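Undergrad: One structure, as structure tokens, below. Some questions next.
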Amino acid sequence: MLRSMYSGISGLKNFQTKLDVIGNNIANVNTYGFKKGRVTFKDTMNQTMAGATAAQGNMGGKNPMQVGLGATLSSIDTIDTQGSLQTTGRSLDLAINGDGYFVVAQGESLFYTRAGNFYLDDEGTLVTADGYKVQSYQNGVLNDIMINVNAALPARQTTEIVLAGNLPNDAVGTQSISQQIKIIDSLGQSHTIDVEIAPNATQGDWDITFTNNQLGSSSTPTTVRFQAGDPTTVTIPLDTNNDGNAESVTFALDISGLTNNPGSITAMATADGNTAGALESYNIGGYGEINGVYSNGLVVNLGQLALAKFSNPSGLEKAGNNLYRESVNSGRPNNGVPGEGFGSIASSSLEMSNVDLSEEFTEMIVAQRGFQANTRIITTSDEILQELVNLKR
């Protein structure tokens with residue numbers, strides 16, 4: 001049989017595969033996080049009719065004569081370029097702006113995806129639409145992300161007051177500052193305390209007075225003496241029994257962050273501890289941090305999204321459901337968090353497919369014409385064979 005007929009058949013098979021990939025691209029034009037495919041061809045083996053000869057004497061060299069035997073598939077690539085971001089307004093819709101994949105788990109199996117339409121299940125676990133658990137990354141370990149909307153934050157008693165900033169050594173007259181801090185007692189009750197920082201009669205020393213206006217009483221001034229040593233405790237009057245009577249409660253005082261340089265007063269007082277609170281809302285930041293906002297005003301980090309990078313992301317295997325899995329040619333995953341060599345997180349957004357319809361329809365026309373051209377090779381070869389058969393009538 002004619003070699004051209006088999007070459008035409010190989011071309012038909014190749015262009016059919018190309019049309020299959022184009023059809024899949026177009027079908028997924030609105031699939032979040034989808035990465036389009038691309039088909040490339042290569043020629044197959046060549047039959048050598050005559051080998052090359054080198055130049056000899058007065059005769060020049062001669063090139064080889066070869067007949068190609070058709071084409072075959074070279075590759076079906078995954079093009080992992082960035083898709084455009086679409087704003088959705090939904091807090092659990094997340095898009096990666098840059099490199100990386102979300103890490104999701106099903107038992108011990110890990111998968112990777114660019115589709116960030118996530119949900120909470122009945123246990124408060126962050127999951128994909130198919131129930132795969134989204135992973136966080138901390139201290140080199142992957143864990144499930146839990147967002148318990150019914151979570152309560154217990155009260156924590158104040159144990160330490162911290163003073164930090166500058167108390168100038170050239171302060172004069174009535175130069176002073178006042179501020180307020182919250183003190184939490186052993187019963188979890190909050191007390192508003194006025195803090196006044198004023199220069200002492202001794203040059204360079206400062207008096208810090210804590211006043212409980214609810215009781216109309218103030219503590220004995222605590223003097224910060226930069227030359228003579230630092231105080232380590234402070235006593236503040238509190239009504240811990242709700243009976244209107246002041247009780248002196250002693251707290252640790254940390255003034256290691258104070259300086260005594262010329263200039264203005266920048267010292268600030270802060271206290272640890274918090275009242276009880278319930279989770280009111282949560283948000284996800286650009287670095288993948290999940291922040292829980294509680295009714296007591298505290299913002300608590302509930303976890304940080306994990307991202308994975310690969311040496312060869314095109315080597316990942318598609319596992320369906322918008323998921324990829326590691327392959328022997330993708331390289332091992334490099335796990336991390338957004339912003340540290342990885343892309344950033346765009347909250348309330350989703351990454352669209354990177355399929356370009358104009359490009360796909362153009363490629364479809366090219367594939368269709370290539371398919372038609374190869375059928376013409378087969379019909380022409382058939383006509384030649386018909387002529388050969390008709391030589392003997």
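Chain labels run A, B, ... following the order of the structure tokens; each chain numbers its residues from 1, and ligands are numbered from 1 in the order shown.
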Please list as a PyMOL selection string every residue within 6 Å of stretch 298-304 of chain A, counting only C-alpha atoms and excluding residues in the same chain fewer than 5 positions away.
TA: chain A and resi 136+288-293
Undergrad: Now that the selection is made, can you save its residues with C-alpha atoms as a short mmCIF file (atom, residue, chain, number, x, y, z; two decimals), in the first residue's frame?
TA:
```
data_model
loop_
_atom_site.label_atom_id
_atom_site.label_comp_id
_atom_site.auth_asym_id
_atom_site.auth_seq_id
_atom_site.Cartn_x
_atom_site.Cartn_y
_atom_site.Cartn_z
CA SER A 136 -2.97 25.37 56.76
CA GLY A 288 -3.53 33.78 53.87
CA GLU A 289 -4.00 34.52 57.57
CA ILE A 290 -7.50 33.73 58.86
CA ASN A 291 -8.43 36.33 61.47
CA GLY A 292 -11.28 35.72 63.92
CA VAL A 293 -12.91 38.88 65.32
#
```
Undergrad: Which neighbours of A:Thr266 fall inside 9 Å, counting only C-alpha atoms, when residues of the same chain fewer than 2 positions from it are skipped, and could you give them as an MDAnalysis selection string?
TA: chainID A and resid 164:168 177 264 268
Undergrad: Which residues of stretch 322-392 of chain A come within 7 Å of stretch 90-100 of chain A, and for each one, what is the closest pair of atoms and their distance in Å to one decimal, counting only C-alpha atoms, sorted by chain and residue number, as a tab-separated table?
TA:
```
residue	atom	partner	partner_atom	distance
A:Phe342	CA	A:Asp99	CA	5.3
A:Gly343	CA	A:Gly98	CA	3.9
A:Ser344	CA	A:Asn97	CA	5.3
A:Ile345	CA	A:Ile96	CA	4.9
A:Ala346	CA	A:Ala95	CA	5.1
A:Ser347	CA	A:Leu94	CA	4.8
A:Ser348	CA	A:Arg90	CA	4.8
A:Ser349	CA	A:Leu94	CA	5.3
A:Leu350	CA	A:Ala95	CA	4.7
A:Glu351	CA	A:Ala95	CA	5.3
```
Undergrad: Calculate how many Å separate atom CA of A:Arg325 from atom CA of A:Glu363, rounding to one decimal.
TA: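 Atom CA of A:Arg325 sits 28.3 Å away from atom CA of A:Glu363.
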Undergrad: Please report as a tab-separated table every residue of stretch 272-316 of chain A lying within 12 Å of stretch 25-48 of chain A, along with the nearest atom pair and their distance in Å (one decimal), using only C-alpha atoms.
TA:
```
residue	atom	partner	partner_atom	distance
A:Pro313	CA	A:Lys35	CA	11.0
A:Ser314	CA	A:Lys35	CA	9.8
A:Leu316	CA	A:Lys35	CA	11.4
```
Undergrad: Residues of the last selection are to be written out with C-alpha atoms, as a tab-separated table (two decimals), in the first residue's frame.
TA:
```tsv
chain	number	residue	atom	x	y	z
A	313	PRO	CA	3.95	22.60	37.52
A	314	SER	CA	3.14	21.40	33.98
A	316	LEU	CA	1.23	17.70	37.60
```
